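S.K.: My structure is below; once you've seen it, I'll send some questions.
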Amino acid sequence: MAGRIRDEDVALVRERSPIADVVGEYLQLRNAGGGSLKGLCPFHDEKSPSFNVTPARGLYYCFGCGEGGDVIRFIQQIEGLSFVESVESLAQQSGIRLRYEQGGGYTARNDQGQRQRLIEAHREAQRFYAEQLLSPAAKEGRRFLTERGFGRADAEHFGVGYAPAGWEALTGRLRDAGFSDQEIITAGLAGQGRRGAYDKFRNRLVWPVREVNGEIVGFGARKLDPDDDGPKYLNTPETPIFKKGHLLYGLDLAKREIARERRAVIVEGYTDVMACHLAGVPTAVATCGTSFGEDHLKVLRRMLLGRSNQGGEVVFTFDGDAAGRRAAVRAFAEEHGFASETFVAVQPDGLDPCELRQRHGDSSVRDLVADRKPLYEFMIRTVIEQYDLDTAEGRMAGLDAAADIVASIRNDGVRKLYGVNLDHWLGIMDESFVQRRVAQHVAARRRSGGAGSAPARPAPQAPPGAADAGPYDVRDPSLQRERQALKMAVQYPGLASEFDDLDAESFSVPQHRAVYELISARGGVRAAGDAREWVAGLCDTAPDEAQRAFVTRLAVEPMEVYGELDEHYAQEILGTIKIHSINRRVANLKSRLGRLDPSAQPDEYQRIFAELMSVEQQKRMMRER
């Protein structure tokens with residue numbers, strides 16, 4: 001039986017652990033007047049701060065959920081510890097040696113609670129690893145750091161160390177320090193072999209993973225020998241003190257800057273955290289062998305949302321490759337549970353922050369974060385890039401895929417603004433139509449999952465092609481004009497000589513383009529002879545029964561014309577189609593310009609801009625005619 005901690009020692013722990021300082025390690029507090037401090041409660045979700053701390057009395061209380069107590073109770077709740085473990089944790093940080101009741105008296109205890117023993121083991125392991133980084137065996141490890149722009153002082157600041165190649169190098173050190181094999185295994189520092197414990201990390205660089213209060217609870221390690229069969233990165237397994245879903249590497253160093261700037265930058269690796277901090281982005285943190293999730297959000301929320309009802313910023317940095325985009329999609333799935341504004345910073349050439357700093361210096365890392373884009377914009381643009389936006393079908397398919405994302409935005413005003421942007425990015429140039437489409441998706445979401453729901457989004461489907469195109473609305477004026485032009489080309493080719501000046505893109509639906517291409521394949525209307533033979537030849541050339549039937553229908557359907565059909569009317573119809581075709585080209589080019597970043601793609605931007613000016617000139621000339 002461990003025994004009871006002496007009452008005087010518990011009182012000393014309370015005295016030397018100012019509640020404002022301890023609570024301030026976990027959430028941001030502001031002056032509430034009357035000697036009290038206030039912040040957002042970490043134990044329940046709330047929009048306005050109702051969590052109060054009274055330093056003079058050493059107490060906290062939340063008027064929202066009713067939780068309250070002293071500094072020991074706070075650590076119990078926030079860390080999920082027992083009373084004894086909480087006292088031991090605070091005592092360790094305050095340098096207090098506790099005494100326990102044993103056989104009617106009190107004595108200093110060497111066998112602290114399990115949590116404290118595991119933390120002590122990690123503290124000793126970190127000292128050992130740091131020493132080993134200076135040894136001859138760690139030459140490759142030091143080279144790895146140097147090549148990435150990190151010196152000895154940087155390694156010491158972040159606690160980087162080296163795990164020797166031996167099977168019992170650390171295990172032997174911990175045994176000599178009084179730890180049992182079972183304790184070393186439970187801590188995740190060793191594995192269980194047939195002959196006992198063996199080192200978990202061997203011939204690897206190691207980074208200590210600390211809780212927000214600075215206590216080391218695990219390690220992340222990278223192999224140095226490429227021929228090693230083990231994984232490139234290896235992290236401490238789940239243990240009684242290492243819960244990777246709750247931990248963020250670097251948070252102990254970044255917490256005060258995160259609270260001050262109200263911004264957290266999420267990177268993907270330990271060296272990325274180092275690079276960001278050294279480059280002037282001290283708010284960078286990274287997950288520990290897992291994707292960013294809801295529990296990570298809760299940890300950051302306490303620091304970001306302490307000053308007002310408005311959230312801070314969370315900026316995700318991802319590589320510009322497919323894996324980085326998948327990571328962004330995962331982050332987007334979690335975004336709905338977070339009140340802060342969420343952004344994405346992606347380096348187009350795929351460099352991570354560490355590589356970026358190496359090649360282009362500190363300012364490039366700061367610029368990467370400064371050029372962040374809202375996560376919603378990133379996701380919308382990522383989705384619509386999968387479609388051929390130079391076709392009407394592609395834009396419509398992209399609209400429906402992106403409209404579902406816009407519909408998931410809870411704020412009505414923000415959703416409407418993204419609808420405006422979506423119209424611009426797609427080049428549809430019909431804002432009211434896009435807004436109606438978004439509204440339809442909003443209604444569908446509410447029917448399927450209730451208000452505020454965010455159901456899983458299906459993967460965007462490939463845009464349809466001409467082969468599976470369905471019927472279209474013949475009441476559409478632009479389609480009526482196209483149909484008139486095709487009927488003229490089939491029935492009265494002699495009047496439609498300017499038909500051959502069109503191209504397939506002059507027609508907005510697949511059925512019409514297919515007939516145009518069929519006519520072109522026959523030499524165009526200028527090659528037409530006898531009207532009956534001309535129609536028969538078109539039907540014979542048609543590749544399938546559906547197209548043959550459509551050509552036949554065009555051949556027998558009456559022309560919709562007032563008065564007598566003549567060459568002037570034919571020119572008028574064909575000229576109107578040319579104008580509408582040019583309008584679509586203008587819309588397409590403007591859409592492409594809207595999708596380009598002029599600073600990142602200056603040459604392509606100038607090329608498209610010059611093409612747009614040329615097409616606009618053609619448009620003016622057509623109208624003058």
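Each chain in the structure tokens gets a letter, A, B and so on, in the order shown; residues start at 1 in every chain, and ligands are counted from 1 in the order they appear.
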Please provide as a list in words all residues within 12 Å of Asp70 in chain A, with the sequence filter that same-chain residues fewer than 5 positions apart are discarded (counting only C-alpha atoms).
M.R.: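 These residues fall inside the cut-off: Val10, Ala11, Val13, Arg14, Glu15, Ser17, Pro18, Ile19, Ala20, Val22, Val23, Asn52, Val53, Thr54, Pro55, Ala56, Arg57, Gly58, Leu59, Tyr60, Tyr61, Ile75, Gln76, Gln77, Phe83, Ser86 and Val87 of chain A.
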S.K.: Dump N, CA and C atoms for the selected residues as a PDB file, in the first residue's frame?
M.R.:
```
ATOM      1  N   VAL A  10       0.616  18.377   1.038  1.00  0.00           N
ATOM      2  CA  VAL A  10      -0.459  18.731   0.108  1.00  0.00           C
ATOM      3  C   VAL A  10      -0.703  20.231   0.161  1.00  0.00           C
ATOM      4  N   ALA A  11      -0.707  20.786   1.375  1.00  0.00           N
ATOM      5  CA  ALA A  11      -0.910  22.230   1.533  1.00  0.00           C
ATOM      6  C   ALA A  11       0.235  23.006   0.893  1.00  0.00           C
ATOM      7  N   VAL A  13       2.007  22.025  -1.658  1.00  0.00           N
ATOM      8  CA  VAL A  13       1.821  21.932  -3.114  1.00  0.00           C
ATOM      9  C   VAL A  13       0.826  22.998  -3.572  1.00  0.00           C
ATOM     10  N   ARG A  14      -0.259  23.149  -2.838  1.00  0.00           N
ATOM     11  CA  ARG A  14      -1.245  24.178  -3.198  1.00  0.00           C
ATOM     12  C   ARG A  14      -0.615  25.563  -3.134  1.00  0.00           C
ATOM     13  N   GLU A  15       0.187  25.806  -2.115  1.00  0.00           N
ATOM     14  CA  GLU A  15       0.786  27.131  -1.914  1.00  0.00           C
ATOM     15  C   GLU A  15       1.770  27.473  -3.028  1.00  0.00           C
ATOM     16  N   SER A  17       1.820  26.259  -6.055  1.00  0.00           N
ATOM     17  CA  SER A  17       1.260  26.066  -7.397  1.00  0.00           C
ATOM     18  C   SER A  17       0.148  27.095  -7.609  1.00  0.00           C
ATOM     19  N   PRO A  18       0.515  28.337  -7.848  1.00  0.00           N
ATOM     20  CA  PRO A  18      -0.504  29.386  -8.026  1.00  0.00           C
ATOM     21  C   PRO A  18      -1.515  28.980  -9.095  1.00  0.00           C
ATOM     22  N   ILE A  19      -2.774  29.038  -8.731  1.00  0.00           N
ATOM     23  CA  ILE A  19      -3.795  28.509  -9.635  1.00  0.00           C
ATOM     24  C   ILE A  19      -3.847  29.277 -10.953  1.00  0.00           C
ATOM     25  N   ALA A  20      -3.580  30.561 -10.927  1.00  0.00           N
ATOM     26  CA  ALA A  20      -3.613  31.343 -12.170  1.00  0.00           C
ATOM     27  C   ALA A  20      -2.520  30.881 -13.119  1.00  0.00           C
ATOM     28  N   VAL A  22      -1.042  27.832 -13.146  1.00  0.00           N
ATOM     29  CA  VAL A  22      -1.303  26.456 -13.589  1.00  0.00           C
ATOM     30  C   VAL A  22      -2.411  26.439 -14.638  1.00  0.00           C
ATOM     31  N   VAL A  23      -3.524  27.113 -14.339  1.00  0.00           N
ATOM     32  CA  VAL A  23      -4.630  27.148 -15.300  1.00  0.00           C
ATOM     33  C   VAL A  23      -4.187  27.862 -16.575  1.00  0.00           C
ATOM     34  N   ASN A  52     -14.298  31.068 -14.208  1.00  0.00           N
ATOM     35  CA  ASN A  52     -13.678  32.095 -13.367  1.00  0.00           C
ATOM     36  C   ASN A  52     -12.596  31.501 -12.474  1.00  0.00           C
ATOM     37  N   VAL A  53     -11.503  32.238 -12.332  1.00  0.00           N
ATOM     38  CA  VAL A  53     -10.405  31.867 -11.437  1.00  0.00           C
ATOM     39  C   VAL A  53     -10.207  32.991 -10.431  1.00  0.00           C
ATOM     40  N   THR A  54     -10.149  32.628  -9.156  1.00  0.00           N
ATOM     41  CA  THR A  54      -9.936  33.616  -8.089  1.00  0.00           C
ATOM     42  C   THR A  54      -8.598  33.321  -7.426  1.00  0.00           C
ATOM     43  N   PRO A  55      -7.510  33.960  -7.868  1.00  0.00           N
ATOM     44  CA  PRO A  55      -6.177  33.661  -7.338  1.00  0.00           C
ATOM     45  C   PRO A  55      -6.061  33.832  -5.826  1.00  0.00           C
ATOM     46  N   ALA A  56      -6.735  34.833  -5.266  1.00  0.00           N
ATOM     47  CA  ALA A  56      -6.604  35.093  -3.825  1.00  0.00           C
ATOM     48  C   ALA A  56      -7.076  33.901  -3.008  1.00  0.00           C
ATOM     49  N   ARG A  57      -8.075  33.178  -3.509  1.00  0.00           N
ATOM     50  CA  ARG A  57      -8.589  32.023  -2.775  1.00  0.00           C
ATOM     51  C   ARG A  57      -8.128  30.693  -3.363  1.00  0.00           C
ATOM     52  N   GLY A  58      -7.379  30.746  -4.478  1.00  0.00           N
ATOM     53  CA  GLY A  58      -6.852  29.522  -5.076  1.00  0.00           C
ATOM     54  C   GLY A  58      -7.931  28.621  -5.640  1.00  0.00           C
ATOM     55  N   LEU A  59      -9.021  29.213  -6.127  1.00  0.00           N
ATOM     56  CA  LEU A  59     -10.147  28.412  -6.594  1.00  0.00           C
ATOM     57  C   LEU A  59     -10.541  28.781  -8.020  1.00  0.00           C
ATOM     58  N   TYR A  60     -11.228  27.850  -8.689  1.00  0.00           N
ATOM     59  CA  TYR A  60     -11.830  28.117  -9.992  1.00  0.00           C
ATOM     60  C   TYR A  60     -13.268  27.624  -9.950  1.00  0.00           C
ATOM     61  N   TYR A  61     -14.108  28.221 -10.785  1.00  0.00           N
ATOM     62  CA  TYR A  61     -15.503  27.774 -10.871  1.00  0.00           C
ATOM     63  C   TYR A  61     -16.062  28.201 -12.223  1.00  0.00           C
ATOM     64  N   ILE A  75      -6.124  19.959 -12.065  1.00  0.00           N
ATOM     65  CA  ILE A  75      -5.216  19.014 -12.742  1.00  0.00           C
ATOM     66  C   ILE A  75      -5.880  17.638 -12.859  1.00  0.00           C
ATOM     67  N   GLN A  76      -6.615  17.242 -11.825  1.00  0.00           N
ATOM     68  CA  GLN A  76      -7.345  15.965 -11.911  1.00  0.00           C
ATOM     69  C   GLN A  76      -8.278  15.958 -13.120  1.00  0.00           C
ATOM     70  N   GLN A  77      -9.027  17.027 -13.281  1.00  0.00           N
ATOM     71  CA  GLN A  77     -10.011  17.081 -14.357  1.00  0.00           C
ATOM     72  C   GLN A  77      -9.379  17.231 -15.731  1.00  0.00           C
ATOM     73  N   PHE A  83      -6.247  11.904  -7.429  1.00  0.00           N
ATOM     74  CA  PHE A  83      -5.809  12.949  -6.500  1.00  0.00           C
ATOM     75  C   PHE A  83      -4.310  12.850  -6.240  1.00  0.00           C
ATOM     76  N   SER A  86      -2.225  13.852  -9.246  1.00  0.00           N
ATOM     77  CA  SER A  86      -2.244  15.290  -9.447  1.00  0.00           C
ATOM     78  C   SER A  86      -1.308  15.992  -8.481  1.00  0.00           C
ATOM     79  N   VAL A  87      -1.329  15.584  -7.203  1.00  0.00           N
ATOM     80  CA  VAL A  87      -0.429  16.178  -6.213  1.00  0.00           C
ATOM     81  C   VAL A  87       1.015  15.906  -6.606  1.00  0.00           C
TER      82      VAL A  87
END
```
S.K.: May I have a table of the residues of range 567-596 of chain A lying at most 9 Å from range 382-397 of chain A, giving each one's closest pair of atoms and their distance in Å to one decimal, counting only C-alpha atoms, ordered by chain and ascending residue number, as a tab-separated table?
M.R.:
```
residue	atom	partner	partner_atom	distance
A:Arg584	CA	A:Ala392	CA	8.7
A:Arg585	CA	A:Asp390	CA	8.1
A:Asn588	CA	A:Asp390	CA	5.7
A:Leu589	CA	A:Asp390	CA	8.4
A:Ser591	CA	A:Leu389	CA	8.0
A:Arg592	CA	A:Leu389	CA	8.2
A:Arg595	CA	A:Glu385	CA	8.9
```
S.K.: If we count only C-alpha atoms and set the cut-off at 9 Å, which residues sit around Leu300 in chain A, ignoring sequence neighbours fewer than 6 positions away in its own chain? Please answer as a list of chain:residue names.
M.R.: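 The contact residues come out as A:Tyr26, A:Leu27, A:Lys255, A:Ile258, A:Ala264, A:Val314.
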S.K.: Can you work out the spacing between CA of Leu574 in chain A and CA of Val509 in chain A in Å, to one decimal?
M.R.: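 Between these atoms lies a distance of 16.4 Å.
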S.K.: Could you please write out, as a PyMOL selection string, every residue of range 45-251 of chain A that DSSP assigns to strand (DSSP E or B)?
M.R.: chain A and resi 51-54+59-62+68-69+99-102+105-108+161-163+190-193+196-199+204-210+216-223+233-235+248-249
S.K.: Include N, CA and C atoms and write out the residues we just selected as a tab-separated table (two decimals), in the first residue's frame.
M.R.:
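The resulting file, out_3.tsv, is shown below:
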```tsv
chain	number	residue	atom	x	y	z
A	51	PHE	N	-15.89	30.68	-17.21
A	51	PHE	CA	-14.94	30.00	-16.32
A	51	PHE	C	-14.16	31.06	-15.56
A	52	ASN	N	-14.30	31.07	-14.21
A	52	ASN	CA	-13.68	32.09	-13.37
A	52	ASN	C	-12.60	31.50	-12.47
A	53	VAL	N	-11.50	32.24	-12.33
A	53	VAL	CA	-10.41	31.87	-11.44
A	53	VAL	C	-10.21	32.99	-10.43
A	54	THR	N	-10.15	32.63	-9.16
A	54	THR	CA	-9.94	33.62	-8.09
A	54	THR	C	-8.60	33.32	-7.43
A	59	LEU	N	-9.02	29.21	-6.13
A	59	LEU	CA	-10.15	28.41	-6.59
A	59	LEU	C	-10.54	28.78	-8.02
A	60	TYR	N	-11.23	27.85	-8.69
A	60	TYR	CA	-11.83	28.12	-9.99
A	60	TYR	C	-13.27	27.62	-9.95
A	61	TYR	N	-14.11	28.22	-10.79
A	61	TYR	CA	-15.50	27.77	-10.87
A	61	TYR	C	-16.06	28.20	-12.22
A	62	CYS	N	-16.82	27.29	-12.84
A	62	CYS	CA	-17.48	27.61	-14.11
A	62	CYS	C	-18.97	27.79	-13.84
A	68	GLY	N	-15.78	23.06	-10.45
A	68	GLY	CA	-14.96	23.97	-9.67
A	68	GLY	C	-14.10	23.23	-8.68
A	69	GLY	N	-13.18	23.96	-8.06
A	69	GLY	CA	-12.30	23.35	-7.07
A	69	GLY	C	-11.00	24.11	-6.97
A	99	ARG	N	6.15	13.36	1.31
A	99	ARG	CA	6.28	12.31	2.32
A	99	ARG	C	4.95	11.58	2.46
A	100	TYR	N	5.03	10.27	2.68
A	100	TYR	CA	3.85	9.41	2.70
A	100	TYR	C	3.76	8.68	4.04
A	101	GLU	N	2.52	8.39	4.45
A	101	GLU	CA	2.29	7.68	5.71
A	101	GLU	C	2.68	6.21	5.55
A	102	GLN	N	3.55	5.73	6.41
A	102	GLN	CA	3.99	4.33	6.38
A	102	GLN	C	4.08	3.81	7.81
A	105	GLY	N	3.85	6.32	10.70
A	105	GLY	CA	4.67	7.52	10.59
A	105	GLY	C	4.75	7.99	9.15
A	106	TYR	N	5.53	9.02	8.89
A	106	TYR	CA	5.68	9.57	7.54
A	106	TYR	C	7.11	9.37	7.07
A	107	THR	N	7.26	9.05	5.78
A	107	THR	CA	8.59	8.85	5.21
A	107	THR	C	8.59	9.31	3.76
A	108	ALA	N	9.75	9.74	3.29
A	108	ALA	CA	9.87	10.08	1.86
A	108	ALA	C	9.72	8.79	1.08
A	161	GLY	N	17.84	14.25	-29.44
A	161	GLY	CA	18.86	13.32	-28.98
A	161	GLY	C	19.10	12.20	-29.96
A	162	TYR	N	19.94	11.26	-29.54
A	162	TYR	CA	20.28	10.12	-30.40
A	162	TYR	C	20.13	8.83	-29.60
A	163	ALA	N	19.39	7.88	-30.19
A	163	ALA	CA	19.24	6.56	-29.58
A	163	ALA	C	20.28	5.63	-30.18
A	190	ALA	N	10.76	0.62	-24.10
A	190	ALA	CA	11.35	-0.68	-24.41
A	190	ALA	C	10.25	-1.64	-24.82
A	191	GLY	N	10.64	-2.69	-25.52
A	191	GLY	CA	9.74	-3.76	-25.88
A	191	GLY	C	10.04	-5.00	-25.05
A	192	GLN	N	9.11	-5.94	-25.07
A	192	GLN	CA	9.28	-7.17	-24.30
A	192	GLN	C	9.86	-8.26	-25.20
A	193	GLY	N	11.06	-8.71	-24.89
A	193	GLY	CA	11.68	-9.80	-25.62
A	193	GLY	C	11.74	-11.06	-24.79
A	196	GLY	N	13.88	-10.42	-21.84
A	196	GLY	CA	13.58	-9.25	-21.05
A	196	GLY	C	13.37	-8.04	-21.92
A	197	ALA	N	13.54	-6.86	-21.35
A	197	ALA	CA	13.29	-5.61	-22.07
A	197	ALA	C	14.41	-5.30	-23.06
A	198	TYR	N	14.04	-4.68	-24.19
A	198	TYR	CA	15.03	-4.22	-25.17
A	198	TYR	C	14.61	-2.84	-25.66
A	199	ASP	N	15.59	-2.04	-26.07
A	199	ASP	CA	15.33	-0.64	-26.44
A	199	ASP	C	14.32	-0.54	-27.59
A	204	ARG	N	18.52	5.97	-34.06
A	204	ARG	CA	17.55	6.96	-34.54
A	204	ARG	C	17.77	8.30	-33.85
A	205	LEU	N	17.44	9.38	-34.57
A	205	LEU	CA	17.31	10.68	-33.92
A	205	LEU	C	15.98	10.68	-33.18
A	206	VAL	N	15.95	11.26	-32.00
A	206	VAL	CA	14.71	11.27	-31.21
A	206	VAL	C	14.37	12.70	-30.76
A	207	TRP	N	13.08	12.96	-30.77
A	207	TRP	CA	12.55	14.24	-30.30
A	207	TRP	C	11.64	14.00	-29.10
A	208	PRO	N	11.84	14.66	-27.99
A	208	PRO	CA	10.94	14.48	-26.84
A	208	PRO	C	9.59	15.13	-27.09
A	209	VAL	N	8.54	14.41	-26.78
A	209	VAL	CA	7.17	14.93	-26.90
A	209	VAL	C	6.71	15.30	-25.50
A	210	ARG	N	6.34	16.57	-25.33
A	210	ARG	CA	5.97	17.07	-24.01
A	210	ARG	C	4.51	17.44	-23.96
A	216	ILE	N	7.80	15.47	-20.18
A	216	ILE	CA	8.05	14.56	-21.30
A	216	ILE	C	7.25	13.28	-21.08
A	217	VAL	N	6.48	12.91	-22.11
A	217	VAL	CA	5.64	11.70	-21.99
A	217	VAL	C	5.88	10.72	-23.12
A	218	GLY	N	6.74	11.05	-24.07
A	218	GLY	CA	7.01	10.14	-25.16
A	218	GLY	C	8.08	10.70	-26.08
A	219	PHE	N	8.36	9.96	-27.16
A	219	PHE	CA	9.37	10.38	-28.12
A	219	PHE	C	8.89	10.08	-29.54
A	220	GLY	N	9.39	10.88	-30.46
A	220	GLY	CA	9.26	10.59	-31.88
A	220	GLY	C	10.66	10.35	-32.41
A	221	ALA	N	10.81	9.37	-33.31
A	221	ALA	CA	12.16	8.99	-33.74
A	221	ALA	C	12.20	8.78	-35.25
A	222	ARG	N	13.33	9.16	-35.86
A	222	ARG	CA	13.54	8.97	-37.30
A	222	ARG	C	14.77	8.11	-37.51
A	223	LYS	N	14.61	7.11	-38.39
A	223	LYS	CA	15.75	6.23	-38.63
A	223	LYS	C	16.82	6.95	-39.44
A	233	TYR	N	9.62	6.67	-39.61
A	233	TYR	CA	9.31	7.38	-38.37
A	233	TYR	C	8.68	6.39	-37.39
A	234	LEU	N	9.08	6.50	-36.15
A	234	LEU	CA	8.56	5.62	-35.11
A	234	LEU	C	8.24	6.47	-33.89
A	235	ASN	N	7.05	6.28	-33.37
A	235	ASN	CA	6.62	7.06	-32.21
A	235	ASN	C	6.36	6.15	-31.02
A	248	LEU	N	0.37	17.52	-29.04
A	248	LEU	CA	0.88	18.28	-30.17
A	248	LEU	C	2.35	18.60	-29.89
A	249	TYR	N	3.22	18.13	-30.75
A	249	TYR	CA	4.64	18.39	-30.55
A	249	TYR	C	4.91	19.89	-30.69
```
S.K.: Just the number, please: distance in Å from CA of Pro477 in chain A to CA of Phe507 in chain A, one decimal.
M.R.: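 Atom-to-atom, CA of Pro477 in chain A to CA of Phe507 in chain A, that is 12.8 Å.
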S.K.: I want to know what sits within 8 Å of range 345-355 of chain A, based on only C-alpha atoms, with residues of the same chain fewer than 2 positions away left out; could you give that as a ChimeraX atom specification?
M.R.: /A:148,267,271-272,274-276,315-321,343,357-359,365,368-369,371-373
S.K.: Take the selection from the previous step and output its residues with C-alpha atoms, as a PDB file, in the first residue's frame.
M.R.:
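Listing of out30.pdb after writing:
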```
ATOM      1  CA  ARG A 148      18.650  20.701 -42.565  1.00  0.00           C
ATOM      2  CA  VAL A 267       2.771  21.316 -39.703  1.00  0.00           C
ATOM      3  CA  THR A 271      11.777  19.207 -38.210  1.00  0.00           C
ATOM      4  CA  ASP A 272       9.028  21.396 -39.684  1.00  0.00           C
ATOM      5  CA  MET A 274      11.874  23.408 -35.585  1.00  0.00           C
ATOM      6  CA  ALA A 275      12.193  25.208 -38.924  1.00  0.00           C
ATOM      7  CA  CYS A 276       9.095  27.313 -38.337  1.00  0.00           C
ATOM      8  CA  VAL A 315      -3.370  27.396 -40.386  1.00  0.00           C
ATOM      9  CA  PHE A 316      -2.638  23.956 -41.831  1.00  0.00           C
ATOM     10  CA  THR A 317       0.519  23.623 -43.926  1.00  0.00           C
ATOM     11  CA  PHE A 318       0.512  20.725 -46.365  1.00  0.00           C
ATOM     12  CA  ASP A 319       2.818  19.497 -49.078  1.00  0.00           C
ATOM     13  CA  GLY A 320       1.534  20.342 -52.537  1.00  0.00           C
ATOM     14  CA  ASP A 321       1.291  16.668 -53.534  1.00  0.00           C
ATOM     15  CA  PHE A 343      -6.737  28.291 -43.369  1.00  0.00           C
ATOM     16  CA  ARG A 357      13.784  27.241 -45.078  1.00  0.00           C
ATOM     17  CA  GLN A 358      16.837  25.340 -46.333  1.00  0.00           C
ATOM     18  CA  ARG A 359      16.458  26.475 -49.933  1.00  0.00           C
ATOM     19  CA  VAL A 365       8.554  30.221 -44.306  1.00  0.00           C
ATOM     20  CA  LEU A 368       4.131  30.701 -46.728  1.00  0.00           C
ATOM     21  CA  VAL A 369       2.028  31.287 -43.628  1.00  0.00           C
ATOM     22  CA  ASP A 371      -0.119  33.708 -47.982  1.00  0.00           C
ATOM     23  CA  ARG A 372      -2.557  31.268 -46.389  1.00  0.00           C
ATOM     24  CA  LYS A 373      -5.918  30.664 -48.067  1.00  0.00           C
TER      25      LYS A 373
END
```
S.K.: Among the residues of range 102-183 of chain A, find those DSSP assigns to alpha helix (DSSP H) from the backbone and print them as a PyMOL selection string.
M.R.: chain A and resi 114-132+139-147+152-158+169-176+181-183
